[in-house]
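This is final_16.cif. It holds mmCIF, C-alpha atoms.
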data_run
loop_
_atom_site.group_PDB
_atom_site.id
_atom_site.type_symbol
_atom_site.label_atom_id
_atom_site.label_comp_id
_atom_site.auth_asym_id
_atom_site.auth_seq_id
_atom_site.Cartn_x
_atom_site.Cartn_y
_atom_site.Cartn_z
ATOM 1 C CA MET A 5 0.752 -3.522 -58.882
ATOM 2 C CA LEU A 6 -1.722 -1.999 -56.411
ATOM 3 C CA ALA A 7 -2.204 -5.404 -54.778
ATOM 4 C CA LEU A 8 1.553 -5.893 -54.475
ATOM 5 C CA THR A 9 1.942 -2.423 -52.987
ATOM 6 C CA GLY A 10 -0.768 -3.237 -50.431
ATOM 7 C CA VAL A 11 0.976 -6.456 -49.416
ATOM 8 C CA ILE A 12 4.277 -4.656 -48.976
ATOM 9 C CA ALA A 13 2.606 -1.964 -46.849
ATOM 10 C CA LEU A 14 0.964 -4.622 -44.714
ATOM 11 C CA LEU A 15 4.267 -6.411 -44.172
ATOM 12 C CA MET A 16 5.926 -3.133 -43.224
ATOM 13 C CA LEU A 17 3.149 -2.418 -40.721
ATOM 14 C CA VAL A 18 3.472 -5.849 -39.158
ATOM 15 C CA GLY A 19 7.228 -5.403 -38.981
ATOM 16 C CA CYS A 20 6.838 -2.065 -37.212
ATOM 17 C CA GLN A 21 4.407 -3.550 -34.751
ATOM 18 C CA ALA A 22 6.764 -6.440 -34.064
ATOM 19 C CA SER A 23 9.607 -3.989 -33.578
ATOM 20 C CA SER A 24 7.483 -1.956 -31.165
ATOM 21 C CA GLU A 25 6.515 -5.037 -29.184
ATOM 22 C CA GLU A 26 10.146 -6.077 -29.098
ATOM 23 C CA GLY A 27 10.794 -2.916 -27.094
ATOM 24 C CA THR A 28 8.974 -4.470 -24.163
ATOM 25 C CA ASN A 29 10.178 -8.012 -24.738
ATOM 26 C CA LYS A 30 11.546 -10.011 -21.841
ATOM 27 C CA LYS A 31 14.810 -10.598 -23.742
ATOM 28 C CA GLU A 32 15.737 -6.951 -23.209
ATOM 29 C CA VAL A 33 15.541 -7.309 -19.434
ATOM 30 C CA LYS A 34 19.069 -7.583 -18.023
ATOM 31 C CA GLU A 35 18.494 -6.806 -14.349
ATOM 32 C CA ILE A 36 15.967 -6.570 -11.572
ATOM 33 C CA VAL A 37 16.004 -3.223 -9.805
ATOM 34 C CA GLY A 38 15.808 -3.794 -6.065
ATOM 35 C CA ILE A 39 15.915 -1.789 -2.855
ATOM 36 C CA GLU A 40 18.280 -1.699 0.142
ATOM 37 C CA PRO A 41 20.717 -4.634 0.383
ATOM 38 C CA GLY A 42 20.071 -6.874 3.365
ATOM 39 C CA SER A 43 16.326 -6.230 3.457
ATOM 40 C CA GLY A 44 13.884 -9.137 3.569
ATOM 41 C CA THR A 45 12.654 -8.151 0.119
ATOM 42 C CA MET A 46 16.141 -8.471 -1.367
ATOM 43 C CA LYS A 47 16.737 -11.774 0.388
ATOM 44 C CA ILE A 48 13.693 -13.435 -1.149
ATOM 45 C CA ALA A 49 14.486 -11.788 -4.499
ATOM 46 C CA GLU A 50 17.923 -13.450 -4.474
ATOM 47 C CA GLU A 51 16.353 -16.793 -3.562
ATOM 48 C CA THR A 52 13.882 -16.401 -6.426
ATOM 49 C CA ILE A 53 16.582 -15.655 -8.986
ATOM 50 C CA GLU A 54 18.386 -18.811 -7.889
ATOM 51 C CA ALA A 55 15.235 -20.963 -7.802
ATOM 52 C CA TYR A 56 14.262 -19.992 -11.347
ATOM 53 C CA ASN A 57 17.884 -19.990 -12.593
ATOM 54 C CA LEU A 58 17.365 -16.480 -13.956
ATOM 55 C CA ASP A 59 20.035 -14.860 -16.067
ATOM 56 C CA LEU A 60 19.421 -11.495 -14.409
ATOM 57 C CA LYS A 61 21.433 -9.343 -12.025
ATOM 58 C CA LEU A 62 19.725 -8.090 -8.864
ATOM 59 C CA LEU A 63 20.629 -4.410 -8.586
ATOM 60 C CA PRO A 64 20.578 -3.035 -5.018
ATOM 61 C CA SER A 65 19.436 0.567 -4.650
ATOM 62 C CA SER A 66 16.786 2.173 -2.475
ATOM 63 C CA GLU A 67 13.026 2.589 -2.703
ATOM 64 C CA PRO A 68 13.263 6.159 -4.127
ATOM 65 C CA ALA A 69 15.959 5.137 -6.621
ATOM 66 C CA MET A 70 13.967 2.077 -7.684
ATOM 67 C CA LEU A 71 10.859 4.219 -8.245
ATOM 68 C CA THR A 72 12.892 6.707 -10.277
ATOM 69 C CA GLU A 73 14.081 3.909 -12.567
ATOM 70 C CA LEU A 74 10.515 2.601 -12.862
ATOM 71 C CA ARG A 75 9.159 6.026 -13.821
ATOM 72 C CA LYS A 76 11.926 6.515 -16.368
ATOM 73 C CA ALA A 77 11.233 3.152 -17.992
ATOM 74 C CA ILE A 78 7.475 3.757 -18.130
ATOM 75 C CA LYS A 79 7.956 7.199 -19.669
ATOM 76 C CA ASN A 80 9.905 5.581 -22.531
ATOM 77 C CA GLU A 81 7.815 2.371 -22.558
ATOM 78 C CA GLU A 82 10.921 0.317 -21.874
ATOM 79 C CA PRO A 83 11.024 -3.092 -20.182
ATOM 80 C CA ILE A 84 11.840 -3.149 -16.492
ATOM 81 C CA VAL A 85 11.450 -5.517 -13.546
ATOM 82 C CA VAL A 86 11.456 -4.165 -9.993
ATOM 83 C CA THR A 87 11.058 -5.579 -6.502
ATOM 84 C CA LEU A 88 7.881 -3.986 -5.224
ATOM 85 C CA TRP A 89 5.104 -4.519 -2.733
ATOM 86 C CA GLN A 90 1.444 -3.782 -2.276
ATOM 87 C CA PRO A 91 0.189 -1.633 -0.555
ATOM 88 C CA HIS A 92 2.176 1.068 -2.340
ATOM 89 C CA TRP A 93 0.942 4.361 -3.699
ATOM 90 C CA ILE A 94 2.767 3.801 -7.011
ATOM 91 C CA PHE A 95 -0.040 1.390 -7.972
ATOM 92 C CA THR A 96 -2.446 4.351 -7.940
ATOM 93 C CA GLU A 97 -0.218 6.238 -10.395
ATOM 94 C CA TYR A 98 0.721 3.566 -12.947
ATOM 95 C CA ASP A 99 -0.739 0.396 -14.438
ATOM 96 C CA LEU A 100 1.499 -2.298 -12.980
ATOM 97 C CA LYS A 101 1.279 -6.050 -12.467
ATOM 98 C CA PHE A 102 2.907 -8.689 -10.291
ATOM 99 C CA LEU A 103 4.548 -11.534 -12.180
ATOM 100 C CA GLU A 104 3.147 -14.928 -11.307
ATOM 101 C CA ASP A 105 5.403 -16.965 -9.022
ATOM 102 C CA PRO A 106 4.619 -20.669 -9.624
ATOM 103 C CA LYS A 107 7.373 -21.834 -7.255
ATOM 104 C CA GLY A 108 6.108 -19.580 -4.475
ATOM 105 C CA THR A 109 9.577 -18.321 -3.576
ATOM 106 C CA LEU A 110 8.368 -14.748 -3.145
ATOM 107 C CA GLY A 111 5.704 -15.846 -0.714
ATOM 108 C CA ALA A 112 1.958 -15.743 -0.915
ATOM 109 C CA SER A 113 -0.192 -13.039 0.596
ATOM 110 C CA GLU A 114 1.541 -11.222 3.443
ATOM 111 C CA ASN A 115 0.138 -9.663 6.598
ATOM 112 C CA ILE A 116 1.661 -6.697 8.430
ATOM 113 C CA HIS A 117 1.782 -7.359 12.172
ATOM 114 C CA THR A 118 1.724 -5.043 15.168
ATOM 115 C CA MET A 119 4.238 -6.039 17.832
ATOM 116 C CA VAL A 120 4.818 -4.590 21.294
ATOM 117 C CA ARG A 121 7.262 -5.141 24.125
ATOM 118 C CA LEU A 122 6.515 -7.634 26.827
ATOM 119 C CA GLY A 123 4.798 -5.937 29.753
ATOM 120 C CA LEU A 124 3.152 -3.145 27.753
ATOM 121 C CA GLU A 125 -0.311 -4.526 28.542
ATOM 122 C CA GLU A 126 0.309 -4.067 32.273
ATOM 123 C CA ASP A 127 2.241 -0.769 32.014
ATOM 124 C CA GLN A 128 0.094 1.059 29.465
ATOM 125 C CA PRO A 129 -3.212 -0.821 29.051
ATOM 126 C CA SER A 130 -4.918 1.921 27.014
ATOM 127 C CA ALA A 131 -2.155 1.997 24.410
ATOM 128 C CA TYR A 132 -2.033 -1.799 24.353
ATOM 129 C CA GLN A 133 -5.785 -2.085 23.796
ATOM 130 C CA PHE A 134 -5.781 0.446 20.953
ATOM 131 C CA LEU A 135 -2.769 -1.131 19.237
ATOM 132 C CA ASP A 136 -4.500 -4.488 19.529
ATOM 133 C CA ASN A 137 -7.668 -3.014 17.974
ATOM 134 C CA PHE A 138 -5.953 -1.183 15.107
ATOM 135 C CA PHE A 139 -6.694 -2.809 11.756
ATOM 136 C CA TRP A 140 -7.213 -1.304 8.329
ATOM 137 C CA GLU A 141 -7.301 -2.285 4.636
ATOM 138 C CA VAL A 142 -4.877 -2.106 1.728
ATOM 139 C CA ASP A 143 -6.965 0.655 0.100
ATOM 140 C CA ASP A 144 -6.816 2.681 3.329
ATOM 141 C CA MET A 145 -3.040 2.552 3.430
ATOM 142 C CA ASN A 146 -2.757 3.363 -0.277
ATOM 143 C CA GLU A 147 -5.011 6.392 0.227
ATOM 144 C CA VAL A 148 -2.733 7.819 2.905
ATOM 145 C CA MET A 149 0.457 6.983 1.025
ATOM 146 C CA SER A 150 -0.769 8.438 -2.260
ATOM 147 C CA LYS A 151 -1.193 11.854 -0.669
ATOM 148 C CA PHE A 152 2.339 12.254 0.696
ATOM 149 C CA GLY A 153 4.050 9.865 -1.718
ATOM 150 C CA GLN A 154 3.021 11.786 -4.829
ATOM 151 C CA ASP A 155 3.166 15.293 -3.392
ATOM 152 C CA GLU A 156 6.294 16.341 -1.506
ATOM 153 C CA THR A 157 4.479 19.334 -0.036
ATOM 154 C CA VAL A 158 2.152 17.023 1.916
ATOM 155 C CA GLU A 159 3.552 15.678 5.192
ATOM 156 C CA PRO A 160 2.674 12.098 6.253
ATOM 157 C CA ARG A 161 1.077 13.438 9.427
ATOM 158 C CA GLU A 162 -1.156 15.725 7.353
ATOM 159 C CA ALA A 163 -2.211 12.842 5.089
ATOM 160 C CA ALA A 164 -2.945 10.677 8.144
ATOM 161 C CA ALA A 165 -5.054 13.429 9.719
ATOM 162 C CA GLU A 166 -7.109 13.773 6.538
ATOM 163 C CA TRP A 167 -7.742 10.027 6.437
ATOM 164 C CA ILE A 168 -8.806 10.015 10.098
ATOM 165 C CA GLU A 169 -11.239 12.865 9.487
ATOM 166 C CA LYS A 170 -12.815 10.979 6.563
ATOM 167 C CA ASN A 171 -12.982 7.699 8.511
ATOM 168 C CA ARG A 172 -14.078 8.927 11.921
ATOM 169 C CA ASP A 173 -16.459 6.004 12.471
ATOM 170 C CA ARG A 174 -13.623 3.505 12.021
ATOM 171 C CA VAL A 175 -11.365 5.399 14.406
ATOM 172 C CA ASP A 176 -14.093 5.717 17.036
ATOM 173 C CA ALA A 177 -14.608 1.937 16.887
ATOM 174 C CA TRP A 178 -10.876 1.378 17.539
ATOM 175 C CA ILE A 179 -10.881 3.482 20.702
ATOM 176 C CA GLU A 180 -14.382 2.735 22.005
ATOM 177 C CA GLY A 181 -14.265 2.011 25.731
ATOM 178 C CA ILE A 182 -10.550 2.822 26.072
ATOM 179 C CA GLU A 183 -9.648 4.984 29.059
ATOM 180 C CA PRO A 184 -7.781 8.196 28.101
ATOM 181 C CA VAL A 185 -4.469 8.970 29.805
ATOM 182 C CA ASN A 186 -2.702 12.138 30.874
ATOM 183 C CA ASN A 187 0.503 12.771 28.912
ATOM 184 C CA GLU A 188 1.957 9.297 29.253
ATOM 185 C CA THR A 189 4.850 8.643 26.861
ATOM 186 C CA ILE A 190 4.980 5.799 24.372
ATOM 187 C CA GLU A 191 7.726 5.168 21.817
ATOM 188 C CA LEU A 192 7.064 3.538 18.461
ATOM 189 C CA ALA A 193 9.726 2.255 16.084
ATOM 190 C CA TYR A 194 9.206 2.349 12.335
ATOM 191 C CA THR A 195 11.141 1.597 9.177
ATOM 192 C CA ASN A 196 11.569 4.351 6.623
ATOM 193 C CA TYR A 197 9.136 2.808 4.137
ATOM 194 C CA GLU A 198 6.007 4.659 3.106
ATOM 195 C CA THR A 199 3.789 1.720 4.127
ATOM 196 C CA GLU A 200 5.004 1.865 7.711
ATOM 197 C CA ILE A 201 5.188 5.663 7.721
ATOM 198 C CA ALA A 202 1.497 5.737 6.783
ATOM 199 C CA SER A 203 0.303 3.321 9.468
ATOM 200 C CA THR A 204 2.592 4.760 12.159
ATOM 201 C CA ASN A 205 1.339 8.306 11.572
ATOM 202 C CA VAL A 206 -2.302 7.250 11.738
ATOM 203 C CA VAL A 207 -1.671 5.351 14.972
ATOM 204 C CA THR A 208 0.335 8.258 16.404
ATOM 205 C CA LEU A 209 -2.524 10.717 15.908
ATOM 206 C CA VAL A 210 -5.028 8.375 17.537
ATOM 207 C CA LEU A 211 -2.701 7.733 20.492
ATOM 208 C CA GLU A 212 -2.377 11.487 20.903
ATOM 209 C CA GLU A 213 -6.180 11.713 21.001
ATOM 210 C CA LEU A 214 -6.037 9.262 23.899
ATOM 211 C CA GLY A 215 -3.613 11.559 25.731
ATOM 212 C CA TYR A 216 -0.261 9.999 24.854
ATOM 213 C CA ASP A 217 2.949 11.815 24.042
ATOM 214 C CA VAL A 218 4.223 9.697 21.136
ATOM 215 C CA GLU A 219 7.912 9.436 20.273
ATOM 216 C CA LEU A 220 8.762 8.035 16.839
ATOM 217 C CA THR A 221 12.106 6.346 16.214
ATOM 218 C CA PRO A 222 13.191 5.325 12.685
ATOM 219 C CA LEU A 223 15.147 2.052 12.732
ATOM 220 C CA ASP A 224 16.212 -0.677 10.349
ATOM 221 C CA MET A 225 14.023 -3.763 10.629
ATOM 222 C CA GLY A 226 16.530 -5.920 12.526
ATOM 223 C CA ILE A 227 17.402 -3.156 14.982
ATOM 224 C CA ALA A 228 13.685 -2.445 15.524
ATOM 225 C CA PHE A 229 13.100 -6.063 16.538
ATOM 226 C CA GLU A 230 16.125 -6.041 18.823
ATOM 227 C CA SER A 231 15.079 -2.751 20.424
ATOM 228 C CA LEU A 232 11.568 -4.046 20.999
ATOM 229 C CA SER A 233 12.842 -7.282 22.509
ATOM 230 C CA ASN A 234 14.914 -5.472 25.120
ATOM 231 C CA GLY A 235 12.268 -2.856 25.895
ATOM 232 C CA GLU A 236 14.015 0.150 24.358
ATOM 233 C CA VAL A 237 10.860 0.885 22.332
ATOM 234 C CA ASP A 238 7.233 0.092 23.145
ATOM 235 C CA GLY A 239 5.804 -1.039 19.825
ATOM 236 C CA MET A 240 5.960 -1.165 16.028
ATOM 237 C CA LEU A 241 3.624 -1.834 13.118
ATOM 238 C CA ILE A 242 6.170 -3.018 10.569
ATOM 239 C CA ALA A 243 6.504 -6.811 10.615
ATOM 240 C CA TRP A 244 5.639 -8.389 7.251
ATOM 241 C CA LEU A 245 4.800 -12.062 7.786
ATOM 242 C CA PRO A 246 5.084 -14.906 7.017
ATOM 243 C CA VAL A 247 7.992 -13.940 4.708
ATOM 244 C CA GLY A 248 9.308 -10.379 4.885
ATOM 245 C CA ALA A 249 10.321 -10.291 8.552
ATOM 246 C CA ALA A 250 10.288 -14.031 9.160
ATOM 247 C CA SER A 251 13.889 -14.399 10.341
ATOM 248 C CA TYR A 252 13.567 -11.597 12.899
ATOM 249 C CA ALA A 253 10.156 -12.790 14.102
ATOM 250 C CA GLU A 254 11.568 -16.270 14.694
ATOM 251 C CA GLN A 255 14.662 -14.955 16.442
ATOM 252 C CA TYR A 256 12.735 -12.762 18.887
ATOM 253 C CA LYS A 257 9.433 -14.656 19.152
ATOM 254 C CA ASP A 258 9.825 -15.325 22.903
ATOM 255 C CA GLU A 259 10.890 -11.751 23.676
ATOM 256 C CA ILE A 260 8.069 -9.745 22.070
ATOM 257 C CA ASP A 261 4.261 -9.698 22.076
ATOM 258 C CA ASP A 262 2.789 -10.240 18.594
ATOM 259 C CA LEU A 263 -0.684 -8.661 18.474
ATOM 260 C CA GLY A 264 -1.416 -10.078 15.030
ATOM 261 C CA PRO A 265 -2.113 -8.353 11.707
ATOM 262 C CA ASN A 266 -2.949 -4.681 11.411
ATOM 263 C CA LEU A 267 -3.357 -5.228 7.655
ATOM 264 C CA GLU A 268 -3.998 -8.354 5.592
ATOM 265 C CA GLY A 269 -3.502 -9.067 1.901
ATOM 266 C CA ALA A 270 -0.148 -7.370 1.432
ATOM 267 C CA GLN A 271 2.121 -8.748 -1.284
ATOM 268 C CA GLN A 272 5.764 -8.689 -2.318
ATOM 269 C CA GLY A 273 7.041 -9.727 -5.695
ATOM 270 C CA PHE A 274 8.539 -8.901 -9.060
ATOM 271 C CA VAL A 275 6.531 -6.143 -10.734
ATOM 272 C CA VAL A 276 6.486 -4.961 -14.342
ATOM 273 C CA PRO A 277 4.539 -2.302 -16.252
ATOM 274 C CA ALA A 278 1.289 -3.667 -17.709
ATOM 275 C CA TYR A 279 2.491 -2.983 -21.263
ATOM 276 C CA MET A 280 5.133 -5.697 -20.981
ATOM 277 C CA ASP A 281 4.137 -8.917 -22.720
ATOM 278 C CA ILE A 282 5.029 -11.148 -19.799
ATOM 279 C CA ASP A 283 2.962 -12.616 -16.969
ATOM 280 C CA SER A 284 5.196 -15.035 -15.070
ATOM 281 C CA ILE A 285 8.690 -15.178 -13.589
ATOM 282 C CA GLU A 286 9.156 -18.334 -15.665
ATOM 283 C CA GLU A 287 9.108 -16.138 -18.794
ATOM 284 C CA LEU A 288 12.149 -14.121 -17.722
ATOM 285 C CA PRO A 289 15.546 -14.973 -19.286
ATOM 286 C CA THR A 290 17.255 -18.026 -17.787
ATOM 287 C CA LYS A 291 20.887 -19.161 -17.823
#
Rewrite the structure of this file - the entire thing - as structure tokens.
Amino acid sequence: MLALTGVIALLMLVGCQASSEEGTNKKEVKEIVGIEPGSGTMKIAEETIEAYNLDLKLLPSSEPAMLTELRKAIKNEEPIVVTLWQPHWIFTEYDLKFLEDPKGTLGASENIHTMVRLGLEEDQPSAYQFLDNFFWEVDDMNEVMSKFGQDETVEPREAAAEWIEKNRDRVDAWIEGIEPVNNETIELAYTNYETEIASTNVVTLVLEELGYDVELTPLDMGIAFESLSNGEVDGMLIAWLPVGAASYAEQYKDEIDDLGPNLEGAQQGFVVPAYMDIDSIEELPTK
């Protein structure tokens, strides 16, 4: 009788474990929580759903709304798939993983490029030289973002200033030999994503050190490219390539000056909490 009781208890335990694991099973995933419709991220997400014949709905929202859904799911240990990118401060808060993308539809490693208007090198050589020199790492950007992304009382400018103070040697190397100016104005466009807010604020503070009066203009990605191409703004640090901003970069390639990456090793993709028993997009439900 004792042996039989032990077997029954063991079976009940296994059943409970299976039930618990089922809570994070891919079969419970019905949608992929995305960001703003029309963004490059959503475009490649749609292409990926089609390429893998996924039986999932892509839900447009916004970055804050997507993060709210992610937090809610993690709190309850529920399954969730989101469109996300790295660098992003959320990776410092939660244990997350990118799903493998065997077909490569979400793109490989991305770089974030600095682009300026044609003629900036001649008009404002000091700004041009610094923007050409500016380069930092994924961990640097995450450090800045984590400070204002996780604490609403911290302003992006404040987080950028703290990073600059801690990395003075790096900053001094960027501006070494550059001639300061006297209150010249330069206008930078940025998208309202924390990645670009972080880099733009760091660059703004350094330009101010060089004597520039910096104007910041928030724009959607397509409008930012158009504004740069016609000289309405002087520069931007927001172009994810070769995938995220590819269509805009191709459209305006002869009308802008691409200074190359200011950050390498960025990534976009489908992200899930680490507790989910899934590693590849191919494991998601198909039609």
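You will find CA of Phe134 (chain A) at 17.1 Å from CA of Glu200 (chain A).
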CA of Tyr197 (chain A) to CA of Trp93 (chain A), straight-line distance in Å: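 Separating CA of Trp93 (chain A) from CA of Tyr197 (chain A) is a distance of 11.4 Å.
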Spatial neighbours of Val206 (chain A), 8 Å, all atoms listed in the file, chain gap at least 4 places, as an MDAnalysis selection string: chainID A and resid 161 164:165 168 202 210
For the residues in that selection, give me C-alpha atoms as a compact mmCIF listing (two decimals), in the frame of the given file.
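File part-v5.txt, as written:
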# COMPACT_ATOMS: atom_id res chain seq x y z
CA ARG A 161 1.08 13.44 9.43
CA ALA A 164 -2.94 10.68 8.14
CA ALA A 165 -5.05 13.43 9.72
CA ILE A 168 -8.81 10.02 10.10
CA ALA A 202 1.50 5.74 6.78
CA VAL A 210 -5.03 8.38 17.54
Could you work out an axis-aligned box for region 44-62 of chain A, taking every atom the file lists and adding 3 Å on each side, and report centre and edge lengths in Å to one decimal, as AutoDock Vina command-line options?
--center_x 17.0 --center_y -14.5 --center_z -6.2 --size_x 14.8 --size_y 18.9 --size_z 25.6
Minimum-distance residue to Trp140 (chain A), chosen among A:Phe95, A:Phe102, A:Phe152, A:Trp167 (using all atoms listed in the file):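 Result for the nearest residue to Trp140 (chain A): A:Trp167.
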Residue among A:Leu214, A:Val247, A:Val158, A:Leu63 lying closest to Thr109 (chain A), counting all atoms listed in the file: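 Counting all atoms listed in the file, the residue closest to Thr109 (chain A) is A:Val247.
Evaluated against the shown file, the PyMOL selection byres ((chain A and resi 56) around 10) gives A:Glu51, A:Thr52, A:Ile53, A:Glu54, A:Ala55, A:Asn57, A:Leu58, A:Asp59, A:Asp105, A:Pro106, A:Lys107, A:Thr109, A:Ile285, A:Glu286, A:Glu287, A:Leu288, A:Pro289, A:Thr290, A:Lys291.
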Hits of the PyMOL selection byres ((chain A and resi 262-271) around 10) in this structure, as a ChimeraX atom specification: /A:88-92,102,110-122,132-133,135-142,144-145,203,239-245,247-248,253,257-261,272-273
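Applied to the file shown here, the PyMOL selection byres ((chain A and resi 64) around 8) selects Val37, Gly38, Ile39, Glu40, Pro41, Met46, Leu62, Leu63, Ser65 and Ser66 of chain A.
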For Ile201 (chain A), the nearest of the candidates A:Val148, A:Val218, A:Val85, A:Ile48, counting all atoms listed in the file: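 The closest residue to Ile201 (chain A) is A:Val148.
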Atomic distance CA of Ile78 (chain A) - CA of Glu97 (chain A), expressed in Å with one decimal: 11.2 Å
Nearest to Glu147 (chain A), chosen from A:Ser251, A:Thr199, A:Ser43, A:Ser231, with all atoms listed in the file counted in the distances: A:Thr199
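Considering only C-alpha atoms, the residue among A:Ala49, A:Asn80, A:Tyr256, A:Glu198 positioned nearest to Glu159 (chain A) is A:Glu198.
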